[in-house]
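The structure appears right after this line, and notes come after that.
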Amino acid sequence: MDKLIINGQKKLFGEVSISGAKNAAVAVLPAAIMADDICIIDNLPSIEDITSLFNTFEKMGIKCEFLDKHTLKIDSRNLENVSATYDEVKKIRASYYLLGALLGRFKKAEVSMPGGCNFGSRPIDLHLKGFKALGAEVTVTEDAVKLSAEKLTGATIYMDQVSVGATINVMLAACLAEGTTIIENAAKEPHVVDTANFLNIMGANIKGAGTDVIRITGVEKLHGAEYTIIPDQIEAGTYMIAAAITGGDVVVKNIIPKHMDSLSAKLDEMNVTIEEGDDSIRVISDKPLKNVNVKTMSYPGFPTDLQPQMAALLTVCMGENIITENVWDNRYQYVDQLKKLGADVSIDGRIAKIQGVKKLTGNSVSATDLRAGAAMIIAGLAAEGVTEISNVKYIDRGYEDVEHKFKSLGADIKRVKVD
Ligand code: EPZ
């Protein structure tokens, strides 16, 4: 279990290049196995979740080869295996996309129940509702989901709640159903659009991705394709917030600025200067930070995956700051760790009230999940003295070369290997 050691209060300066989007990559890779063909996916982030999917594909008998650190060649010709019940599968939540991909291609699937970050209940009832609507028989055992269908027939599916996973999963299976599927109240996240764009290059017929109504007209089969993953909105936001809390001046590059609008607007409200380029955003934090309120919503609202990182920033914004977490029912487990650094936070259900403090003080803290770990880095960068972050494996799930990227911006940060 590695640890990160941060000696805080160093302003961040310079440029940081953002990697491919984790939440797009973990959907595009399962989509790639729907073609009885070869796909080449570029700009993959070099992170643990991709390694987990690579290992799962290998065990399924899919030939995978990294052409370079960020480019994977996937040969799913002659794939016959319709089950993925390996330990690897349980490591990441996005394994559930194998259900939609295998059901679409083979009309059968058996996948272990998904793992992933443990903040509150993470049901998949909307995924299963969608598969049933397409004509699949669904069997849920203790540790696996089994699907089978004589054939898949297009249907109109209303998502009771906006769900990224359910939207993408139903879209996968519907691509190879007979007739038209309409997903209403669909998620509009950039990674939903990225997956739809990739499927269309493979020969699918998907319209409306990025709006709340997606129309999929089923096709006979999909063919191989080459594709480049979009930049990671959440990694980019993490570095923008780190620049803000350290009073730095950082250019976050290789991004799509439009994807950052909700965070850019909030930082602007806090007196942080935001300068947008074509594929970059410069963050200049040279004025006292103004206290604000944040409400997480599905895209284009403020992303829940930047909620912990924003909470870390707000711990040093004088006055009262209120966060309302509208997506997950229990995403404040990291708050106890922030309090160990001197933060003044009180939780009431979905509401976090944060009273700004003059400074944080270094301490030993633990990453309770992926984005909580990112929040500990952000708080540690601002804290006086040394902060030691354990459970860095969570951070490695979603952040490529995290200590090197922060070190290149002037942070005093190092990784310590712990047996
Ligand atoms: C995706 O999770 C992301 N993960 C999460 O990011 C992100 O927090 C979430 O979307 C919201 O943006 C990946 O893309 C791999 P949802 P997902 O289905 O698809 C409820 C990260 O840090 N719901 O949009 O699992 C659910 O409980 C991770 O990168 C149901 O009730 O999230 C939640 O309250 C953490 N039934 C809400 O919908 C369902 O069948 C949104 O969940 C599905 C979801």
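How things are named: the first chain in the structure tokens is A, the next is B, and so on; residues count from 1 in each chain; ligands count from 1 in the order shown.
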
- Task: List all protein, DNA and RNA residues that have at least one atom no more than 9 Å from any atom of ligand 1, counting only C-alpha atoms and all ligand atoms, and write them as a ChimeraX atom specification.
- Result: /A:22-27,92-95,116-129,159-168,187,189,191-192,234,297-299,303-306,326-329,369-372,397-398

Please dump the current selection as a PDB file, in the first residue's frame; keep C-alpha atoms.
```pdb
ATOM      1  CA  LYS A  22     -11.349   7.184 -17.175  1.00  0.00           C
ATOM      2  CA  ASN A  23     -15.146   7.086 -17.333  1.00  0.00           C
ATOM      3  CA  ALA A  24     -15.129   7.204 -21.123  1.00  0.00           C
ATOM      4  CA  ALA A  25     -12.362   4.590 -21.443  1.00  0.00           C
ATOM      5  CA  VAL A  26     -14.082   2.056 -19.171  1.00  0.00           C
ATOM      6  CA  ALA A  27     -17.168   2.254 -21.416  1.00  0.00           C
ATOM      7  CA  ILE A  92     -14.328  -1.908 -10.781  1.00  0.00           C
ATOM      8  CA  ARG A  93     -17.924  -0.784 -11.110  1.00  0.00           C
ATOM      9  CA  ALA A  94     -17.613  -0.244 -14.848  1.00  0.00           C
ATOM     10  CA  SER A  95     -17.370  -4.019 -15.338  1.00  0.00           C
ATOM     11  CA  GLY A 116     -15.972   0.264  -7.313  1.00  0.00           C
ATOM     12  CA  CYS A 117     -16.019   3.115  -4.801  1.00  0.00           C
ATOM     13  CA  ASN A 118     -18.124   2.393  -1.757  1.00  0.00           C
ATOM     14  CA  PHE A 119     -20.090   5.538  -1.018  1.00  0.00           C
ATOM     15  CA  GLY A 120     -23.655   4.537  -0.247  1.00  0.00           C
ATOM     16  CA  SER A 121     -25.748   2.052  -2.093  1.00  0.00           C
ATOM     17  CA  ARG A 122     -24.954   1.709  -5.802  1.00  0.00           C
ATOM     18  CA  PRO A 123     -27.890  -0.234  -7.282  1.00  0.00           C
ATOM     19  CA  ILE A 124     -28.115  -1.322 -10.918  1.00  0.00           C
ATOM     20  CA  ASP A 125     -31.906  -1.665 -11.087  1.00  0.00           C
ATOM     21  CA  LEU A 126     -32.159   0.841 -13.961  1.00  0.00           C
ATOM     22  CA  HIS A 127     -29.626  -1.171 -15.997  1.00  0.00           C
ATOM     23  CA  LEU A 128     -31.697  -4.328 -15.462  1.00  0.00           C
ATOM     24  CA  LYS A 129     -34.970  -2.507 -16.203  1.00  0.00           C
ATOM     25  CA  MET A 159     -34.852   6.363 -16.705  1.00  0.00           C
ATOM     26  CA  ASP A 160     -36.482   6.997 -13.313  1.00  0.00           C
ATOM     27  CA  GLN A 161     -33.230   8.709 -12.326  1.00  0.00           C
ATOM     28  CA  VAL A 162     -30.501  10.142 -14.531  1.00  0.00           C
ATOM     29  CA  SER A 163     -27.912   7.353 -14.606  1.00  0.00           C
ATOM     30  CA  VAL A 164     -24.632   7.437 -16.535  1.00  0.00           C
ATOM     31  CA  GLY A 165     -24.135   3.693 -16.225  1.00  0.00           C
ATOM     32  CA  ALA A 166     -27.671   2.675 -17.117  1.00  0.00           C
ATOM     33  CA  THR A 167     -27.753   5.070 -20.078  1.00  0.00           C
ATOM     34  CA  ILE A 168     -24.512   3.683 -21.524  1.00  0.00           C
ATOM     35  CA  ALA A 187     -27.495  11.051 -18.866  1.00  0.00           C
ATOM     36  CA  GLU A 189     -22.125  13.380 -19.506  1.00  0.00           C
ATOM     37  CA  HIS A 191     -18.383  10.103 -21.544  1.00  0.00           C
ATOM     38  CA  VAL A 192     -21.904   9.142 -22.664  1.00  0.00           C
ATOM     39  CA  ILE A 234     -12.525  15.160 -13.557  1.00  0.00           C
ATOM     40  CA  MET A 297     -26.064  17.614 -10.442  1.00  0.00           C
ATOM     41  CA  SER A 298     -25.738  15.403 -13.505  1.00  0.00           C
ATOM     42  CA  TYR A 299     -24.041  17.071 -16.501  1.00  0.00           C
ATOM     43  CA  PRO A 303     -20.028  17.063 -11.215  1.00  0.00           C
ATOM     44  CA  THR A 304     -20.399  14.906  -8.106  1.00  0.00           C
ATOM     45  CA  ASP A 305     -16.925  13.531  -8.911  1.00  0.00           C
ATOM     46  CA  LEU A 306     -15.454  16.953  -8.081  1.00  0.00           C
ATOM     47  CA  ASN A 326     -27.701  15.524  -5.073  1.00  0.00           C
ATOM     48  CA  VAL A 327     -26.368  12.419  -6.873  1.00  0.00           C
ATOM     49  CA  TRP A 328     -25.092   9.966  -4.223  1.00  0.00           C
ATOM     50  CA  ASP A 329     -26.740   9.304  -0.871  1.00  0.00           C
ATOM     51  CA  ASP A 369     -12.132   6.265  -2.241  1.00  0.00           C
ATOM     52  CA  LEU A 370     -10.805   7.586  -5.537  1.00  0.00           C
ATOM     53  CA  ARG A 371     -12.034  11.199  -5.458  1.00  0.00           C
ATOM     54  CA  ALA A 372     -11.709  11.387  -1.670  1.00  0.00           C
ATOM     55  CA  ARG A 397      -7.429   3.857 -10.052  1.00  0.00           C
ATOM     56  CA  GLY A 398      -8.198   7.169 -11.698  1.00  0.00           C
TER      57      GLY A 398
END
```

Taking a cut-off of 10 Å and counting only C-alpha atoms, can you build a table that, for each residue of range 230-277 of chain A near range 6-16 of chain A, reports the nearest atom pair and how far apart they are in Å (one decimal), sorted by chain then residue number, as CSV?
```
residue,atom,partner,partner_atom,distance
A:Ala236,CA,A:Val16,CA,8.9
A:Tyr239,CA,A:Val16,CA,8.0
A:Met240,CA,A:Val16,CA,9.9
A:Ala242,CA,A:Leu12,CA,7.7
A:Ala243,CA,A:Leu12,CA,5.7
A:Ala244,CA,A:Leu12,CA,8.8
A:Ile245,CA,A:Lys11,CA,8.5
A:Thr246,CA,A:Lys11,CA,4.8
A:Gly247,CA,A:Lys11,CA,5.7
A:Gly248,CA,A:Leu12,CA,4.6
A:Asp249,CA,A:Phe13,CA,5.0
A:Val250,CA,A:Phe13,CA,5.1
A:Val251,CA,A:Glu15,CA,4.6
A:Val252,CA,A:Val16,CA,5.2
A:Lys253,CA,A:Val16,CA,6.1
A:Asn254,CA,A:Val16,CA,8.6
```

Writing out the chosen residues with N, CA and C atoms as a PDB file, in the first residue's frame:
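Below is the file that was written, again.pdb:
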```pdb
ATOM      1  N   ALA A 236      -8.923  16.979 -14.950  1.00  0.00           N
ATOM      2  CA  ALA A 236      -8.680  18.401 -15.235  1.00  0.00           C
ATOM      3  C   ALA A 236      -9.187  19.272 -14.087  1.00  0.00           C
ATOM      4  N   TYR A 239      -6.923  19.293 -10.984  1.00  0.00           N
ATOM      5  CA  TYR A 239      -5.735  20.161 -11.059  1.00  0.00           C
ATOM      6  C   TYR A 239      -6.124  21.643 -11.010  1.00  0.00           C
ATOM      7  N   MET A 240      -7.282  21.982 -11.559  1.00  0.00           N
ATOM      8  CA  MET A 240      -7.747  23.389 -11.481  1.00  0.00           C
ATOM      9  C   MET A 240      -7.993  23.773 -10.029  1.00  0.00           C
ATOM     10  N   ALA A 242      -6.625  22.357  -7.393  1.00  0.00           N
ATOM     11  CA  ALA A 242      -5.325  22.378  -6.695  1.00  0.00           C
ATOM     12  C   ALA A 242      -4.609  23.707  -6.941  1.00  0.00           C
ATOM     13  N   ALA A 243      -4.697  24.218  -8.163  1.00  0.00           N
ATOM     14  CA  ALA A 243      -4.096  25.531  -8.468  1.00  0.00           C
ATOM     15  C   ALA A 243      -4.765  26.605  -7.621  1.00  0.00           C
ATOM     16  N   ALA A 244      -6.087  26.516  -7.488  1.00  0.00           N
ATOM     17  CA  ALA A 244      -6.830  27.545  -6.743  1.00  0.00           C
ATOM     18  C   ALA A 244      -6.452  27.538  -5.266  1.00  0.00           C
ATOM     19  N   ILE A 245      -6.364  26.352  -4.659  1.00  0.00           N
ATOM     20  CA  ILE A 245      -6.133  26.317  -3.198  1.00  0.00           C
ATOM     21  C   ILE A 245      -4.702  26.740  -2.832  1.00  0.00           C
ATOM     22  N   THR A 246      -3.751  26.571  -3.766  1.00  0.00           N
ATOM     23  CA  THR A 246      -2.350  26.903  -3.441  1.00  0.00           C
ATOM     24  C   THR A 246      -1.999  28.338  -3.834  1.00  0.00           C
ATOM     25  N   GLY A 247      -2.985  29.077  -4.402  1.00  0.00           N
ATOM     26  CA  GLY A 247      -2.678  30.453  -4.825  1.00  0.00           C
ATOM     27  C   GLY A 247      -1.746  30.459  -6.017  1.00  0.00           C
ATOM     28  N   GLY A 248      -1.893  29.448  -6.859  1.00  0.00           N
ATOM     29  CA  GLY A 248      -0.958  29.265  -7.969  1.00  0.00           C
ATOM     30  C   GLY A 248      -1.429  29.871  -9.286  1.00  0.00           C
ATOM     31  N   ASP A 249      -0.681  29.517 -10.350  1.00  0.00           N
ATOM     32  CA  ASP A 249      -0.973  29.983 -11.719  1.00  0.00           C
ATOM     33  C   ASP A 249      -0.634  28.812 -12.632  1.00  0.00           C
ATOM     34  N   VAL A 250      -1.647  28.064 -13.022  1.00  0.00           N
ATOM     35  CA  VAL A 250      -1.445  26.786 -13.715  1.00  0.00           C
ATOM     36  C   VAL A 250      -2.249  26.736 -15.015  1.00  0.00           C
ATOM     37  N   VAL A 251      -1.617  26.252 -16.068  1.00  0.00           N
ATOM     38  CA  VAL A 251      -2.329  25.986 -17.327  1.00  0.00           C
ATOM     39  C   VAL A 251      -2.623  24.492 -17.388  1.00  0.00           C
ATOM     40  N   VAL A 252      -3.920  24.153 -17.415  1.00  0.00           N
ATOM     41  CA  VAL A 252      -4.348  22.751 -17.539  1.00  0.00           C
ATOM     42  C   VAL A 252      -4.623  22.533 -19.021  1.00  0.00           C
ATOM     43  N   LYS A 253      -3.814  21.640 -19.679  1.00  0.00           N
ATOM     44  CA  LYS A 253      -3.942  21.576 -21.135  1.00  0.00           C
ATOM     45  C   LYS A 253      -4.352  20.185 -21.620  1.00  0.00           C
ATOM     46  N   ASN A 254      -4.622  20.109 -22.940  1.00  0.00           N
ATOM     47  CA  ASN A 254      -5.200  18.899 -23.560  1.00  0.00           C
ATOM     48  C   ASN A 254      -6.557  18.599 -22.945  1.00  0.00           C
TER      49      ASN A 254
END
```

- Message: List the spatial neighbours of Ile206 in chain A as a ChimeraX atom specification - criterion: any atom at most 7 Å away, only C-alpha atoms, same-chain residues fewer than 3 positions off excluded.
- Response: /A:196,200,215-217

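Proximity to Ser366 in chain A was assessed for A:Ile347, A:Leu313, A:Met318, A:Ile395 counting only C-alpha atoms; the smallest distance is recorded for A:Ile395.
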
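Across the structure, CA of Ser364 in chain A and CA of Ser408 in chain A are spaced 23.5 Å apart.
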
- Query: Which parts of range 122-302 of chain A does DSSP call strand (DSSP E or B) when run on the backbone here, written out as a VMD selection string?
  - Reply: chain A and resid 137 to 140 144 to 148 153 156 to 158 178 180 to 184 206 to 207 209 211 213 to 217 226 to 228 231 249 to 253 273 to 276 280 to 284 293 to 296 302

Skipping near chain neighbours, those fewer than 2 positions away, what residues fall within 8 Å of Tyr227 in chain A using only C-alpha atoms, listed as a compact mmCIF listing (two decimals) with C-alpha atoms, in the first residue's frame?
```
# COMPACT_ATOMS: atom_id res chain seq x y z
CA CYS A 39 -10.34 -2.05 -32.57
CA ILE A 40 -7.50 0.33 -31.69
CA ILE A 41 -8.20 2.76 -28.85
CA ASP A 42 -5.85 5.69 -28.27
CA PHE A 198 -17.28 5.44 -30.86
CA ALA A 225 -12.68 1.03 -35.56
CA ILE A 229 -10.67 8.89 -25.93
```

As an mmCIF file with all heavy atoms, in the first residue's frame, please: the residues near Lys417 in chain A (cut-off 7 Å, only C-alpha atoms, same-chain neighbours under 4 positions excluded).
```
data_model
loop_
_atom_site.group_PDB
_atom_site.id
_atom_site.type_symbol
_atom_site.label_atom_id
_atom_site.label_comp_id
_atom_site.auth_asym_id
_atom_site.auth_seq_id
_atom_site.Cartn_x
_atom_site.Cartn_y
_atom_site.Cartn_z
ATOM 1 N N MET A 1 0.877 -1.218 0.000
ATOM 2 C CA MET A 1 0.000 0.000 0.000
ATOM 3 C C MET A 1 0.886 1.230 0.000
ATOM 4 O O MET A 1 1.476 1.560 1.004
ATOM 5 C CB MET A 1 -0.841 0.022 1.276
ATOM 6 C CG MET A 1 -1.846 -1.055 1.280
ATOM 7 S SD MET A 1 -3.197 -0.557 0.219
ATOM 8 C CE MET A 1 -4.513 -1.260 1.166
ATOM 9 N N ASP A 2 0.987 1.915 -1.122
ATOM 10 C CA ASP A 2 1.845 3.102 -1.171
ATOM 11 C C ASP A 2 1.266 4.249 -0.343
ATOM 12 O O ASP A 2 0.067 4.266 -0.060
ATOM 13 C CB ASP A 2 1.965 3.590 -2.618
ATOM 14 C CG ASP A 2 2.699 2.566 -3.473
ATOM 15 O OD1 ASP A 2 3.127 1.533 -2.914
ATOM 16 O OD2 ASP A 2 2.806 2.773 -4.681
ATOM 17 N N LYS A 3 2.162 5.181 0.004
ATOM 18 C CA LYS A 3 1.715 6.412 0.652
ATOM 19 C C LYS A 3 2.221 7.599 -0.151
ATOM 20 O O LYS A 3 3.244 7.498 -0.846
ATOM 21 C CB LYS A 3 2.307 6.499 2.066
ATOM 22 C CG LYS A 3 1.665 5.558 3.064
ATOM 23 C CD LYS A 3 2.214 5.792 4.476
ATOM 24 C CE LYS A 3 1.446 4.903 5.463
ATOM 25 N NZ LYS A 3 1.906 5.107 6.858
#
```

- Message: Could you list, as a ChimeraX atom specification, every residue within 9 Å of Thr181 in chain A, counting only C-alpha atoms and ignoring same-chain residues fewer than 3 positions away?
- Response: /A:134,153-157,170-171,174-175,177-178,214-218

- Message: Please extract the residues of range 311-389 of chain A with a backbone DSSP assignment of helix (DSSP H, G or I) and present them as JSON, numbers by chain.
- Response: {"A": [311, 312, 313, 314, 335, 336, 337, 338, 339, 370, 371, 372, 373, 374, 375, 376, 377, 378, 379, 380, 381, 382]}

- Any idea what's packed within 10 Å of Leu199 in chain A, counting only C-alpha atoms, ignoring anything in its chain fewer than 3 positions away? Could you give it as a PyMOL selection string? chain A and resi 28+31-32+34-35+171-172+175+193-196+202-206+222-225+227

What does the file look like for those residues with C-alpha atoms, as a short mmCIF file (atom, residue, chain, number, x, y, z; two decimals), in the first residue's frame?
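Produced file out_3.cif, reproduced below:
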```
data_model
loop_
_atom_site.label_atom_id
_atom_site.label_comp_id
_atom_site.auth_asym_id
_atom_site.auth_seq_id
_atom_site.Cartn_x
_atom_site.Cartn_y
_atom_site.Cartn_z
CA VAL A 28 -15.40 2.39 -24.80
CA ALA A 31 -18.03 -1.40 -26.52
CA ALA A 32 -14.99 -2.44 -28.59
CA MET A 34 -19.09 -5.91 -29.59
CA ALA A 35 -17.48 -6.14 -33.05
CA MET A 171 -27.20 2.07 -25.38
CA LEU A 172 -24.66 -0.75 -25.82
CA CYS A 175 -27.16 -1.00 -30.85
CA VAL A 193 -21.34 11.17 -25.84
CA ASP A 194 -17.84 9.72 -26.31
CA THR A 195 -19.16 6.15 -26.11
CA ALA A 196 -21.97 6.95 -28.57
CA MET A 202 -18.25 1.09 -35.42
CA GLY A 203 -21.43 1.25 -37.54
CA ALA A 204 -24.10 1.85 -34.90
CA ASN A 205 -26.94 4.33 -35.46
CA ILE A 206 -27.25 6.50 -32.35
CA LEU A 222 -20.69 -3.64 -35.73
CA HIS A 223 -17.21 -3.51 -37.27
CA GLY A 224 -13.82 -2.59 -35.85
CA ALA A 225 -12.68 1.03 -35.56
CA TYR A 227 -10.78 5.86 -31.71
#
```

- Message: One decimal, in Å: what's the spacing between CA of Lys358 in chain A and CA of Val294 in chain A?
- Response: 20.6 Å

- Query: What is the distance, in Å and to one decimal place, between CA of Ile274 in chain A and CA of Asn291 in chain A?
  - Reply: 17.0 Å

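For the residues A:Ala186, A:Met113, A:Ile5, A:Ala411, ranking by smallest atom-to-atom distance to Val392 in chain A using only C-alpha atoms places A:Ile5 first.
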